[in-house]
Structures are given as C-alpha cells and as structure tokens.
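Peer 1: Contents of input-v3.pdb (PDB, C-alpha atoms and all ligand atoms) are below:
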ATOM      1  CA  MET A   1       0.000   0.000   0.000
ATOM      2  CA  LYS A   2       1.247   3.529  -0.877
ATOM      3  CA  LYS A   3       2.392   5.515   2.185
ATOM      4  CA  LYS A   4       0.379   8.680   2.902
ATOM      5  CA  PRO A   5       2.644  11.754   2.477
ATOM      6  CA  LEU A   6       3.451  13.787   5.590
ATOM      7  CA  PRO A   7       1.573  17.064   6.039
ATOM      8  CA  PRO A   8       3.721  19.744   4.333
ATOM      9  CA  SER A   9       4.870  21.436   7.551
ATOM     10  CA  ARG A  10       6.434  18.176   8.849
ATOM     11  CA  GLY A  11      10.031  17.364   7.959
ATOM     12  CA  ALA A  12       9.996  20.094   5.309
ATOM     13  CA  ALA A  13      12.856  21.297   3.151
ATOM     14  CA  ALA A  14      12.035  24.973   3.525
ATOM     15  CA  VAL A  15      13.050  28.327   2.109
ATOM     16  CA  ILE A  16      11.878  31.179   4.346
ATOM     17  CA  THR A  17      12.345  34.819   3.336
ATOM     18  CA  GLY A  18      12.724  37.541   5.932
ATOM     19  CA  ALA A  19      13.766  34.796   8.356
ATOM     20  CA  GLY A  20      16.097  37.097  10.274
ATOM     21  CA  SER A  21      13.399  38.759  12.384
ATOM     22  CA  GLY A  22       9.801  38.704  13.590
ATOM     23  CA  ILE A  23       7.313  36.320  11.974
ATOM     24  CA  GLY A  24       9.907  34.890   9.564
ATOM     25  CA  ARG A  25      12.227  33.974  12.419
ATOM     26  CA  SER A  26       9.318  32.304  14.240
ATOM     27  CA  PHE A  27       8.504  30.331  11.076
ATOM     28  CA  ALA A  28      12.134  29.189  10.890
ATOM     29  CA  TYR A  29      12.112  27.917  14.493
ATOM     30  CA  GLU A  30       8.724  26.218  14.098
ATOM     31  CA  VAL A  31       9.627  24.490  10.817
ATOM     32  CA  ALA A  32      12.843  23.254  12.476
ATOM     33  CA  ARG A  33      10.886  22.109  15.534
ATOM     34  CA  ARG A  34       8.688  20.051  13.181
ATOM     35  CA  GLY A  35      11.818  18.277  11.896
ATOM     36  CA  GLY A  36      12.469  20.458   8.863
ATOM     37  CA  ALA A  37      15.597  21.879   7.263
ATOM     38  CA  VAL A  38      15.649  25.606   6.561
ATOM     39  CA  VAL A  39      17.322  28.116   4.269
ATOM     40  CA  CYS A  40      17.056  31.349   6.272
ATOM     41  CA  VAL A  41      16.887  34.163   3.724
ATOM     42  CA  ASP A  42      17.219  37.822   4.599
ATOM     43  CA  ILE A  43      18.499  41.030   3.041
ATOM     44  CA  HIS A  44      20.480  41.507   6.271
ATOM     45  CA  ALA A  45      23.113  38.767   6.125
ATOM     46  CA  GLU A  46      23.930  38.949   9.831
ATOM     47  CA  ARG A  47      20.284  38.445  10.866
ATOM     48  CA  ALA A  48      19.932  35.354   8.655
ATOM     49  CA  ALA A  49      23.263  34.010   9.934
ATOM     50  CA  GLN A  50      22.255  34.478  13.558
ATOM     51  CA  VAL A  51      18.974  32.559  13.166
ATOM     52  CA  ALA A  52      20.594  29.769  11.114
ATOM     53  CA  SER A  53      23.392  29.321  13.615
ATOM     54  CA  SER A  54      21.021  29.144  16.581
ATOM     55  CA  LEU A  55      18.952  26.523  14.718
ATOM     56  CA  ARG A  56      22.104  24.504  14.037
ATOM     57  CA  ALA A  57      22.984  24.761  17.722
ATOM     58  CA  LEU A  58      19.613  23.112  18.409
ATOM     59  CA  GLY A  59      20.543  20.266  16.045
ATOM     60  CA  SER A  60      18.640  21.340  12.925
ATOM     61  CA  HIS A  61      19.893  21.603   9.368
ATOM     62  CA  ALA A  62      19.895  25.343   8.674
ATOM     63  CA  VAL A  63      21.828  27.641   6.353
ATOM     64  CA  ALA A  64      21.779  31.383   5.908
ATOM     65  CA  ARG A  65      21.482  33.126   2.567
ATOM     66  CA  GLN A  66      21.622  36.843   1.917
ATOM     67  CA  CYS A  67      19.130  37.801  -0.769
ATOM     68  CA  ASP A  68      16.969  40.770  -1.680
ATOM     69  CA  VAL A  69      13.562  39.295  -2.534
ATOM     70  CA  GLY A  70      12.832  42.276  -4.770
ATOM     71  CA  ASP A  71      15.743  41.368  -7.049
ATOM     72  CA  ALA A  72      14.675  38.817  -9.667
ATOM     73  CA  ALA A  73      18.207  37.623 -10.443
ATOM     74  CA  GLN A  74      18.986  37.017  -6.760
ATOM     75  CA  MET A  75      15.718  35.116  -6.284
ATOM     76  CA  GLN A  76      16.369  33.019  -9.379
ATOM     77  CA  SER A  77      19.794  32.031  -8.114
ATOM     78  CA  LEU A  78      18.293  31.277  -4.667
ATOM     79  CA  ALA A  79      15.808  28.909  -6.347
ATOM     80  CA  GLU A  80      18.617  27.282  -8.329
ATOM     81  CA  ASP A  81      20.814  26.804  -5.238
ATOM     82  CA  ALA A  82      18.152  25.840  -2.673
ATOM     83  CA  GLU A  83      18.157  22.085  -3.337
ATOM     84  CA  GLY A  84      21.947  21.994  -2.920
ATOM     85  CA  LEU A  85      21.739  24.006   0.305
ATOM     86  CA  LEU A  86      19.056  21.721   1.735
ATOM     87  CA  GLY A  87      20.387  18.436   0.365
ATOM     88  CA  ARG A  88      17.000  17.601  -1.192
ATOM     89  CA  PRO A  89      14.260  19.277  -3.254
ATOM     90  CA  VAL A  90      12.434  22.215  -1.705
ATOM     91  CA  THR A  91       9.024  21.232  -0.315
ATOM     92  CA  LEU A  92       8.008  24.436   1.485
ATOM     93  CA  VAL A  93       8.394  28.098   0.525
ATOM     94  CA  ILE A  94       7.407  30.857   2.930
ATOM     95  CA  ASN A  95       7.313  34.219   1.176
ATOM     96  CA  ASN A  96       7.394  36.311   4.312
ATOM     97  CA  ALA A  97       9.854  39.210   3.809
ATOM     98  CA  GLY A  98       8.094  42.543   3.961
ATOM     99  CA  VAL A  99       8.471  46.180   4.968
ATOM    100  CA  GLY A 100       6.161  48.785   6.459
ATOM    101  CA  LEU A 101       5.331  52.093   4.790
ATOM    102  CA  GLY A 102       2.849  54.679   6.033
ATOM    103  CA  GLY A 103       1.608  58.113   5.051
ATOM    104  CA  PRO A 104      -1.329  59.710   3.235
ATOM    105  CA  ILE A 105      -1.736  59.466  -0.543
ATOM    106  CA  GLY A 106       0.181  62.292  -2.164
ATOM    107  CA  GLU A 107       2.660  62.552   0.715
ATOM    108  CA  VAL A 108       4.272  59.150   0.259
ATOM    109  CA  SER A 109       7.029  59.636  -2.316
ATOM    110  CA  LEU A 110       6.940  57.560  -5.472
ATOM    111  CA  ASP A 111      10.384  56.221  -4.547
ATOM    112  CA  ASP A 112       8.904  54.880  -1.315
ATOM    113  CA  TRP A 113       5.967  53.406  -3.267
ATOM    114  CA  ARG A 114       8.436  51.565  -5.515
ATOM    115  CA  TRP A 115      10.543  50.367  -2.542
ATOM    116  CA  CYS A 116       7.525  48.874  -0.757
ATOM    117  CA  MET A 117       5.974  47.390  -3.914
ATOM    118  CA  ASN A 118       9.315  45.856  -4.779
ATOM    119  CA  VAL A 119       9.785  44.062  -1.457
ATOM    120  CA  ASN A 120       6.204  43.232  -0.477
ATOM    121  CA  LEU A 121       4.666  42.426  -3.846
ATOM    122  CA  TRP A 122       7.509  41.679  -6.265
ATOM    123  CA  GLY A 123       9.257  39.695  -3.533
ATOM    124  CA  VAL A 124       6.271  37.337  -3.295
ATOM    125  CA  ILE A 125       5.816  37.295  -7.088
ATOM    126  CA  HIS A 126       9.472  36.230  -7.429
ATOM    127  CA  GLY A 127       9.057  33.574  -4.723
ATOM    128  CA  CYS A 128       6.035  32.073  -6.510
ATOM    129  CA  HIS A 129       7.461  32.463 -10.013
ATOM    130  CA  PHE A 130      10.765  30.739  -9.267
ATOM    131  CA  PHE A 131       9.592  28.050  -6.817
ATOM    132  CA  ALA A 132       5.999  27.091  -7.694
ATOM    133  CA  PRO A 133       6.730  25.187 -10.948
ATOM    134  CA  ALA A 134       9.195  22.821  -9.232
ATOM    135  CA  LEU A 135       6.771  22.207  -6.352
ATOM    136  CA  ARG A 136       3.992  21.482  -8.835
ATOM    137  CA  ASP A 137       6.272  19.015 -10.666
ATOM    138  CA  LEU A 138       7.172  17.404  -7.338
ATOM    139  CA  GLY A 139       3.441  17.050  -6.599
ATOM    140  CA  TYR A 140       3.890  17.735  -2.913
ATOM    141  CA  GLY A 141       4.525  20.600  -0.487
ATOM    142  CA  GLY A 142       3.328  24.056   0.396
ATOM    143  CA  ILE A 143       3.599  27.767  -0.236
ATOM    144  CA  ILE A 144       2.775  30.260   2.490
ATOM    145  CA  ASN A 145       2.480  33.857   1.346
ATOM    146  CA  VAL A 146       2.505  36.412   4.130
ATOM    147  CA  ALA A 147      -0.134  38.977   3.230
ATOM    148  CA  SER A 148      -1.842  40.936   6.032
ATOM    149  CA  ALA A 149      -5.271  42.025   7.204
ATOM    150  CA  ALA A 150      -4.172  45.177   5.346
ATOM    151  CA  ALA A 151      -5.030  43.238   2.170
ATOM    152  CA  PHE A 152      -8.728  43.880   2.876
ATOM    153  CA  GLY A 153      -8.703  46.211   5.904
ATOM    154  CA  ALA A 154      -8.249  49.519   4.008
ATOM    155  CA  ALA A 155      -6.679  51.263   7.023
ATOM    156  CA  PRO A 156      -6.085  54.964   6.280
ATOM    157  CA  GLU A 157      -2.541  56.265   5.663
ATOM    158  CA  MET A 158      -1.340  52.798   4.675
ATOM    159  CA  THR A 159      -2.265  52.872   0.983
ATOM    160  CA  THR A 160       0.954  51.486  -0.430
ATOM    161  CA  TYR A 161       1.177  48.713   2.117
ATOM    162  CA  ASN A 162      -2.519  47.873   1.604
ATOM    163  CA  VAL A 163      -2.050  47.712  -2.174
ATOM    164  CA  THR A 164       0.937  45.373  -1.891
ATOM    165  CA  LYS A 165      -0.897  43.036   0.468
ATOM    166  CA  ALA A 166      -4.078  42.997  -1.657
ATOM    167  CA  GLY A 167      -1.807  41.924  -4.511
ATOM    168  CA  VAL A 168      -0.291  39.152  -2.388
ATOM    169  CA  LEU A 169      -3.780  37.927  -1.493
ATOM    170  CA  ALA A 170      -4.930  37.896  -5.142
ATOM    171  CA  LEU A 171      -1.744  36.103  -6.142
ATOM    172  CA  SER A 172      -2.246  33.482  -3.424
ATOM    173  CA  GLU A 173      -5.898  32.903  -4.338
ATOM    174  CA  THR A 174      -4.977  32.428  -7.984
ATOM    175  CA  LEU A 175      -2.053  30.174  -7.169
ATOM    176  CA  ALA A 176      -4.288  28.045  -4.931
ATOM    177  CA  ALA A 177      -6.697  27.628  -7.842
ATOM    178  CA  GLU A 178      -3.877  26.756 -10.249
ATOM    179  CA  LEU A 179      -2.326  24.245  -7.853
ATOM    180  CA  ALA A 180      -5.589  22.676  -6.664
ATOM    181  CA  GLY A 181      -5.323  18.908  -6.815
ATOM    182  CA  THR A 182      -1.548  18.880  -7.412
ATOM    183  CA  GLY A 183      -0.600  18.016  -3.827
ATOM    184  CA  VAL A 184       0.782  21.530  -3.189
ATOM    185  CA  HIS A 185      -1.091  23.539  -0.549
ATOM    186  CA  VAL A 186      -1.241  27.352  -0.571
ATOM    187  CA  THR A 187      -1.985  29.475   2.487
ATOM    188  CA  ALA A 188      -2.241  33.267   2.668
ATOM    189  CA  LEU A 189      -1.490  34.608   6.145
ATOM    190  CA  CYS A 190      -3.445  37.771   7.042
ATOM    191  CA  PRO A 191      -2.578  38.981  10.552
ATOM    192  CA  THR A 192      -3.489  42.305  12.097
ATOM    193  CA  VAL A 193      -0.900  43.541  14.619
ATOM    194  CA  VAL A 194       1.986  41.268  15.611
ATOM    195  CA  PRO A 195       4.825  42.744  17.687
ATOM    196  CA  THR A 196       7.995  42.584  15.523
ATOM    197  CA  ASN A 197      10.602  45.003  14.134
ATOM    198  CA  ILE A 198       8.381  46.118  11.258
ATOM    199  CA  VAL A 199       7.837  49.638  12.641
ATOM    200  CA  GLU A 200      11.494  50.190  13.541
ATOM    201  CA  ASP A 201      12.617  49.027  10.076
ATOM    202  CA  GLY A 202       9.782  50.753   8.212
ATOM    203  CA  ARG A 203       9.266  54.184   6.692
ATOM    204  CA  LEU A 204       6.613  56.246   8.470
ATOM    205  CA  PRO A 205       5.987  59.958   8.897
ATOM    206  CA  GLU A 206       7.705  61.000  12.150
ATOM    207  CA  ARG A 207       4.358  62.199  13.608
ATOM    208  CA  ARG A 208       2.941  58.657  13.300
ATOM    209  CA  ARG A 209       5.922  56.698  14.596
ATOM    210  CA  ASP A 210       4.972  56.827  18.301
ATOM    211  CA  PHE A 211       1.385  55.802  17.501
ATOM    212  CA  ALA A 212       2.604  52.881  15.375
ATOM    213  CA  ARG A 213       5.056  51.787  18.080
ATOM    214  CA  SER A 214       2.414  51.835  20.791
ATOM    215  CA  ALA A 215      -0.114  50.065  18.496
ATOM    216  CA  MET A 216       2.366  47.189  18.221
ATOM    217  CA  THR A 217       1.855  46.450  21.896
ATOM    218  CA  ARG A 218      -1.599  47.936  22.629
ATOM    219  CA  PHE A 219      -3.455  46.156  19.827
ATOM    220  CA  ALA A 220      -1.488  42.933  19.614
ATOM    221  CA  LEU A 221      -3.761  39.988  20.368
ATOM    222  CA  THR A 222      -1.086  37.403  19.607
ATOM    223  CA  ASN A 223       2.632  36.946  19.027
ATOM    224  CA  ALA A 224       4.857  35.822  16.165
ATOM    225  CA  ASP A 225       5.505  32.300  17.519
ATOM    226  CA  ARG A 226       1.795  31.572  17.845
ATOM    227  CA  VAL A 227       1.068  32.958  14.375
ATOM    228  CA  ALA A 228       3.779  30.745  12.848
ATOM    229  CA  ARG A 229       2.413  27.626  14.585
ATOM    230  CA  GLN A 230      -1.200  28.333  13.603
ATOM    231  CA  THR A 231      -0.265  29.111  10.005
ATOM    232  CA  LEU A 232       1.720  25.906   9.535
ATOM    233  CA  ASP A 233      -1.254  23.985  10.959
ATOM    234  CA  ALA A 234      -3.546  25.833   8.512
ATOM    235  CA  LEU A 235      -1.248  24.860   5.634
ATOM    236  CA  ASP A 236      -1.418  21.216   6.716
ATOM    237  CA  ARG A 237      -5.236  21.388   6.731
ATOM    238  CA  GLY A 238      -5.190  22.921   3.241
ATOM    239  CA  ASP A 239      -6.738  26.217   4.415
ATOM    240  CA  LEU A 240      -6.239  29.054   1.926
ATOM    241  CA  TYR A 241      -6.954  31.890   4.372
ATOM    242  CA  MET A 242      -5.286  32.215   7.761
ATOM    243  CA  LEU A 243      -6.639  35.087   9.857
ATOM    244  CA  PRO A 244      -5.079  34.480  13.253
ATOM    245  CA  GLN A 245      -6.801  37.272  15.210
ATOM    246  CA  ILE A 246     -10.425  38.038  16.045
ATOM    247  CA  ASP A 247     -10.159  41.721  14.995
ATOM    248  CA  GLY A 248      -9.069  40.620  11.515
ATOM    249  CA  ARG A 249     -11.895  38.096  11.276
ATOM    250  CA  ILE A 250     -14.462  40.739  12.327
ATOM    251  CA  ALA A 251     -13.106  43.219   9.745
ATOM    252  CA  TRP A 252     -13.228  40.524   7.018
ATOM    253  CA  ARG A 253     -16.906  39.770   7.710
ATOM    254  CA  LEU A 254     -18.065  43.343   8.365
ATOM    255  CA  LYS A 255     -16.568  44.582   5.099
ATOM    256  CA  ARG A 256     -18.532  41.971   3.171
ATOM    257  CA  LEU A 257     -21.778  42.505   5.084
ATOM    258  CA  ALA A 258     -21.760  46.316   5.186
ATOM    259  CA  PRO A 259     -19.014  47.815   3.007
ATOM    260  CA  ARG A 260     -20.058  51.473   3.366
ATOM    261  CA  LEU A 261     -20.444  51.257   7.120
ATOM    262  CA  TYR A 262     -17.084  49.496   7.261
ATOM    263  CA  ALA A 263     -15.225  52.273   5.378
ATOM    264  CA  ARG A 264     -16.740  54.966   7.621
ATOM    265  CA  ALA A 265     -16.073  53.054  10.813
ATOM    266  CA  VAL A 266     -12.471  52.321   9.907
ATOM    267  CA  GLY A 267     -11.752  55.962   8.959
ATOM    268  CA  GLU A 268     -13.377  57.403  12.077
ATOM    269  CA  THR A 269     -11.773  54.883  14.422
ATOM    270  CA  TYR A 270      -8.360  55.662  12.916
ATOM    271  CA  ARG A 271      -8.767  59.427  13.420
ATOM    272  CA  LEU A 272      -9.939  58.882  16.991
ATOM    273  CA  LEU A 273      -6.951  56.718  17.873
ATOM    274  CA  ALA A 274      -4.144  58.354  15.883
ATOM    275  CA  ASP A 275      -4.842  62.112  16.212
TER     276      ASP A 275
HETATM  277  N1  LIG B 301       4.105  42.725  12.330
HETATM  278  C1  LIG B 301       2.869  42.927  11.910
HETATM  279  O1  LIG B 301       2.053  43.549  12.596
HETATM  280  C2  LIG B 301       2.433  42.357  10.586
HETATM  281  C3  LIG B 301       1.061  42.297  10.313
HETATM  282  C4  LIG B 301       0.655  41.784   9.098
HETATM  283  C5  LIG B 301       1.566  41.313   8.198
HETATM  284  N2  LIG B 301       2.905  41.375   8.490
HETATM  285  C6  LIG B 301       3.838  40.886   7.486
HETATM  286  O2  LIG B 301       4.666  39.908   8.084
HETATM  287  C7  LIG B 301       5.874  39.803   7.318
HETATM  288  C8  LIG B 301       7.052  39.768   8.261
HETATM  289  O3  LIG B 301       7.166  41.032   8.889
HETATM  290  P1  LIG B 301       7.550  41.217  10.424
HETATM  291  O4  LIG B 301       6.419  41.916  11.063
HETATM  292  O5  LIG B 301       8.035  39.953  10.992
HETATM  293  O6  LIG B 301       8.709  42.313  10.266
HETATM  294  P2  LIG B 301      10.251  42.307  10.675
HETATM  295  O7  LIG B 301      10.735  43.667  10.250
HETATM  296  O8  LIG B 301      10.431  41.918  12.085
HETATM  297  O9  LIG B 301      10.890  41.185   9.736
HETATM  298  C9  LIG B 301      10.989  41.342   8.348
HETATM  299  C10 LIG B 301      12.292  40.733   7.858
HETATM  300  O10 LIG B 301      12.307  40.863   6.421
HETATM  301  C11 LIG B 301      13.620  41.260   6.040
HETATM  302  N3  LIG B 301      13.566  41.956   4.749
HETATM  303  C12 LIG B 301      13.150  43.226   4.500
HETATM  304  N4  LIG B 301      13.318  43.515   3.208
HETATM  305  C13 LIG B 301      13.824  42.413   2.617
HETATM  306  C14 LIG B 301      14.191  42.105   1.292
HETATM  307  N5  LIG B 301      14.098  43.014   0.302
HETATM  308  N6  LIG B 301      14.691  40.867   1.026
HETATM  309  C15 LIG B 301      14.825  39.948   2.015
HETATM  310  N7  LIG B 301      14.498  40.196   3.304
HETATM  311  C16 LIG B 301      13.993  41.411   3.601
HETATM  312  C17 LIG B 301      14.068  42.184   7.160
HETATM  313  O11 LIG B 301      15.495  42.333   7.157
HETATM  314  C18 LIG B 301      13.532  41.474   8.386
HETATM  315  O12 LIG B 301      14.486  40.575   8.910
HETATM  316  C19 LIG B 301       5.871  40.988   6.355
HETATM  317  O13 LIG B 301       5.464  40.570   5.068
HETATM  318  C20 LIG B 301       4.826  41.901   6.953
HETATM  319  O14 LIG B 301       4.257  42.762   5.996
HETATM  320  C21 LIG B 301       3.345  41.880   9.653
END
Take the structure in this file and express it as structure tokens.
Ligand SMILES: NC(=O)c1ccc[n+]([C@@H]2O[C@H](COP(=O)([O-])OP(=O)(O)OC[C@H]3O[C@@H](n4cnc5c(N)ncnc54)[C@H](O)[C@@H]3O)[C@@H](O)[C@H]2O)c1

Peer 2:
Amino acid sequence: MKKKPLPPSRGAAAVITGAGSGIGRSFAYEVARRGGAVVCVDIHAERAAQVASSLRALGSHAVARQCDVGDAAQMQSLAEDAEGLLGRPVTLVINNAGVGLGGPIGEVSLDDWRWCMNVNLWGVIHGCHFFAPALRDLGYGGIINVASAAAFGAAPEMTTYNVTKAGVLALSETLAAELAGTGVHVTALCPTVVPTNIVEDGRLPERRRDFARSAMTRFALTNADRVARQTLDALDRGDLYMLPQIDGRIAWRLKRLAPRLYARAVGETYRLLAD
C-alpha cells in the first residue's frame, strides 16, 4: 500500500524569506521544531546568519542566505541553489519578507511606493514564479504567502502597504486555484498587529511613529511564535486563508456585510486613535 505523504509542515525542506526577524524567524524555528531543514533568507546577512546558527545549535539543518527578494536575479539564483543548500528538493516556501510604509496618498514619495511594492509584492511574485513550478512538478509541499489584514482592511494612511498586500492575497488565491489537486497547498497569512521590528525598520511619517510603536503592543492579540504555529497547521489542513486574530476576522466579515459602514467606521476609528 502507498504511504500517505506527511503534512507539508512536517520534515519540510524549507526556504523562508525575511527569516532574520519577527514572523519569519518564528517560522524558521517552528519548521525546524517540526523536523524540517531551513534556508534562512534575509536582506540583512547577519540576521539570517544568527537565526541559522542558533537553529544549528539546536541540532537542525539550517543555512543562511543573503538575498533581496525584490531582485529577480537574486531570487532566481536562490531557487537554483536551494536544493543543494538543503540536500534535497524544496518542499516548502514561505514568502514572508516585507516592509512597512505609512503616510497619506500624495505625501508618500513615489520612490517609497516603488521600494515597498518591490519588497512586499515583487518579492512574493518572485518567490512564486521561481519556486511554484518545481513544487507542482514534485506534486507535494506548500507555499505560504505572508499577506496581512491590510489586504482587505483599508486602514487609512497605509495605501501602499494595503495595495501590496491585496496583490499578495490575489496572487495566493490564484495560485491556490492553479495548484488545486496537485498536492501543493497554498496558504495566505493575514494577521493584524503582531509585535515585531516592522515599525522600527519601516518608513513612516515622524508624527505617526509613536502611535505605530504603541499600536504594536496595545493592539497585539497574539505573538509571532503563535502565528507561525497556527499558520503551519492551517497549511497542513489545506486552508487558503489564515486570519489568526479576532479583529481581523471581524473586519473581514463586516466589510462583506456592510461595506459602506465598514469604510466609515475604519476611517473614524483611525482618526480617533491616531490624532
Ligand atoms: N508585524 C505585523 O504587525 C504584521 C502584520 C501583518 C503582516 N505582516 C507581514 O509579516 C511579514 C514579516 O514582517 P515582520 O512583522 O516579521 O517584520 P520584521 O521587520 O520583524 O521582519 C521582516 C524581515 O524581512 C527582512 N527583509 C526586508 N526587506 C527584505 C528584502 N528586500 N529581502 C529579504 N528580506 C527582507 C528584514 O530584514 C527582516 O528581517 C511581512 O510581510 C509583513 O508585511 C506583519
């Protein structure tokens, strides 16, 4: 009798982008804890190296790789090298690297628009473009794309970020349809606030920085480790959408039930809290 394949989060050969901090680092630890091997990818070489070396110290197979996800050539060579780095074909890709950008439309510079689109959207496009065909041919594994509740939440003064994440969600939905029945699962992660370095590393108007910093702790209903665990479980179940927090799930439903009320409520709540 043919052996049932393991769920894709177990014993994976994984490539995780943005693994040097926050949610990506938590994914790296959780994949390793589930018996997987990991290529820890980050634009900051020292962050990737630190996570990979602490995973090796725990007995896991882990290597660090510096790579800018927004650079197609670098992502192509990552895809070409990954099997050699892992010692076997890639079975799990987590397109997690992302940056924060805030500010009203018209104030955000077009250079900042391009920077954020390049990392958050092109980074995930590159990850799917270069890795999905091999996974499909393998007929087994998973792709987790880290979107955000920003993909549907329409929070004011986050236009660029919202646009990139809506793109990641559309890409994930389409990929899930294309890969349906191939043995490759696709999950789009859509968290609200998770305390990480995203504000410190991001580009925000100075007048909003304190608000964003305090929101990271005041409104966080979860943490990165929990999100990573729940998302890998969702991938194993074959769930396309992973909304780990109740505020995100309420926003998702309210927007569909009462879109006009939703837009007004979100705008007014933002002004009340941020001003
Ligand atoms: N923290 C939140 O509240 C939150 C909420 C929703 C979605 N997200 C998403 O989660 C993902 C992870 O973010 P985080 O909150 O853990 O932030 P983080 O800043 O802690 O980690 C992001 C990591 O990505 C790396 N990175 C940035 N640009 C890169 C590039 N061009 N190439 C490769 N690596 C790059 C950074 O060096 C960093 O190590 C992002 O896609 C983010 O948009 C975060």

Peer 1: Return as CSV the residues of segment 226-275 of chain A lying at most 7 Å from segment 9-27 of chain A, together with the closest atom-to-atom pair for each and the distance in Å to one decimal, counting only C-alpha atoms, with rows in chain order and ascending residue number.

Peer 2:
residue,atom,partner,partner_atom,distance
A:Ala228,CA,A:Phe27,CA,5.1
A:Leu232,CA,A:Ser9,CA,5.8
A:Asp236,CA,A:Ser9,CA,6.3

Peer 1: With a cut-off of 10 Å, could you pull out the residues of segment 240-271 of chain A touching segment 138-148 of chain A and give me the nearest pair of atoms for each, distance in Å to one decimal, using all atoms listed in the file, ordered by chain and ascending number, as a tab-separated table?

Peer 2:
residue	atom	partner	partner_atom	distance
A:Leu240	CA	A:Ile144	CA	9.1
A:Tyr241	CA	A:Ala147	CA	9.9
A:Met242	CA	A:Ser148	CA	9.5
A:Leu243	CA	A:Ser148	CA	8.5
A:Gly248	CA	A:Ser148	CA	9.1

Peer 1: How close does chain A get to ligand LIG 301 (chain B)? List, as a Markdown table, each residue of chain A within 8 Å, its nearest atom pair and the distance in Å to one decimal, counting all atoms listed in the file.

Peer 2:
| residue | atom | partner | partner_atom | distance |
| --- | --- | --- | --- | --- |
| A:Thr17 | CA | B:LIG301 | N7 | 5.8 |
| A:Gly18 | CA | B:LIG301 | O10 | 3.4 |
| A:Ala19 | CA | B:LIG301 | O12 | 5.8 |
| A:Gly20 | CA | B:LIG301 | O12 | 4.1 |
| A:Ser21 | CA | B:LIG301 | O12 | 4.1 |
| A:Gly22 | CA | B:LIG301 | O5 | 3.4 |
| A:Ile23 | CA | B:LIG301 | O5 | 3.8 |
| A:Gly24 | CA | B:LIG301 | O5 | 5.6 |
| A:Arg25 | CA | B:LIG301 | O5 | 7.4 |
| A:Val41 | CA | B:LIG301 | C15 | 6.4 |
| A:Asp42 | CA | B:LIG301 | N7 | 3.8 |
| A:Ile43 | CA | B:LIG301 | C15 | 4.0 |
| A:His44 | CA | B:LIG301 | O11 | 5.1 |
| A:Arg47 | CA | B:LIG301 | O12 | 6.5 |
| A:Ala48 | CA | B:LIG301 | O12 | 7.5 |
| A:Gln66 | CA | B:LIG301 | C15 | 7.5 |
| A:Cys67 | CA | B:LIG301 | C15 | 5.6 |
| A:Asp68 | CA | B:LIG301 | N6 | 3.5 |
| A:Val69 | CA | B:LIG301 | N6 | 4.1 |
| A:Gly70 | CA | B:LIG301 | N5 | 5.3 |
| A:Asp71 | CA | B:LIG301 | N5 | 7.7 |
| A:Asn95 | CA | B:LIG301 | O13 | 7.7 |
| A:Asn96 | CA | B:LIG301 | O13 | 4.7 |
| A:Ala97 | CA | B:LIG301 | O10 | 3.9 |
| A:Gly98 | CA | B:LIG301 | O13 | 3.5 |
| A:Val99 | CA | B:LIG301 | O14 | 5.5 |
| A:Gly100 | CA | B:LIG301 | O14 | 6.3 |
| A:Asn118 | CA | B:LIG301 | N5 | 7.5 |
| A:Val119 | CA | B:LIG301 | N5 | 4.8 |
| A:Asn120 | CA | B:LIG301 | O13 | 6.2 |
| A:Gly123 | CA | B:LIG301 | N5 | 7.0 |
| A:Val146 | CA | B:LIG301 | O13 | 5.2 |
| A:Ala147 | CA | B:LIG301 | C5 | 5.7 |
| A:Ser148 | CA | B:LIG301 | C4 | 4.0 |
| A:Ala149 | CA | B:LIG301 | C4 | 6.2 |
| A:Ala150 | CA | B:LIG301 | C4 | 7.0 |
| A:Tyr161 | CA | B:LIG301 | O14 | 7.7 |
| A:Lys165 | CA | B:LIG301 | O14 | 7.6 |
| A:Leu189 | CA | B:LIG301 | C5 | 7.6 |
| A:Cys190 | CA | B:LIG301 | C4 | 6.1 |
| A:Pro191 | CA | B:LIG301 | C4 | 4.5 |
| A:Thr192 | CA | B:LIG301 | C3 | 4.9 |
| A:Val193 | CA | B:LIG301 | O1 | 3.6 |
| A:Val194 | CA | B:LIG301 | O1 | 3.8 |
| A:Pro195 | CA | B:LIG301 | N1 | 5.4 |
| A:Thr196 | CA | B:LIG301 | O8 | 4.3 |
| A:Asn197 | CA | B:LIG301 | O8 | 3.7 |
| A:Ile198 | CA | B:LIG301 | O7 | 3.5 |
| A:Val199 | CA | B:LIG301 | O7 | 7.1 |
| A:Glu200 | CA | B:LIG301 | O7 | 7.3 |
| A:Asp201 | CA | B:LIG301 | O7 | 5.7 |
| A:Gly202 | CA | B:LIG301 | O7 | 7.4 |
| A:Met216 | CA | B:LIG301 | O1 | 6.7 |
| A:Ala220 | CA | B:LIG301 | O1 | 7.9 |
| A:Ala224 | CA | B:LIG301 | O5 | 7.3 |

Peer 1: Set the distance at 10 Å and use all atoms listed in the file: which residues neighbour Leu58 of chain A once local chain neighbours fewer than 5 positions away are removed? I'd like the list as a tab-separated table (two decimals) with C-alpha atoms, in the frame of the given file.

Peer 2:
chain	number	residue	atom	x	y	z
A	29	TYR	CA	12.11	27.92	14.49
A	32	ALA	CA	12.84	23.25	12.48
A	33	ARG	CA	10.89	22.11	15.53
A	52	ALA	CA	20.59	29.77	11.11
A	53	SER	CA	23.39	29.32	13.62

Peer 1: Of the candidates A:Ala258, A:Leu171, A:Ala49, A:Ala274, which one gets nearest to Ala215 of chain A if we count all atoms listed in the file?

Peer 2: A:Ala274

Peer 1: One decimal, Å: what's the distance from atom CA of Arg237 of chain A over to atom CA of Val186 of chain A, could you say?

Peer 2: 10.2 Å

Peer 1: If you count all atoms listed in the file, which residues fall within 12 Å of Glu83 of chain A, apart from same-chain ones fewer than 4 positions away, as number ranges by chain?

Peer 2: A: 13-15, 37-39, 63, 77-79, 87-92, 131, 134-135

Peer 1: Please enclose the listed atoms of segment 28-43 of chain A in an axis-aligned box, pad each side by 5 Å, and write out the centre and the three edge lengths in Å, rounded to one decimal, as lines of an AutoDock Vina configuration file.

Peer 2:
center_x = 13.6
center_y = 29.7
center_z = 9.3
size_x = 19.8
size_y = 32.8
size_z = 22.5

Peer 1: Using all atoms listed in the file, which of the listed residues (A:Arg260, A:Arg229, A:His185, A:Arg209) sits closest to Pro7 of chain A?

Peer 2: A:His185

Peer 1: Give me, please, the distance in Å between atom CA of Glu30 of chain A and atom CA of Val93 of chain A, quoted to one decimal.

Peer 2: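 Answer for the atom CA of Glu30 of chain A to atom CA of Val93 of chain A separation: 13.7 Å.
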
Peer 1: Which of these, A:Met75, A:Pro244, A:Val163, A:Tyr262, has the shortest distance to Asp225 of chain A once you count all atoms listed in the file?

Peer 2: A:Pro244

Peer 1: Between atom CA of Ile94 of chain A and atom CA of Ile125 of chain A, what is the distance, to one decimal in Å?

Peer 2: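 About the pair atom CA of Ile94 of chain A and atom CA of Ile125 of chain A: they are 12.0 Å apart.
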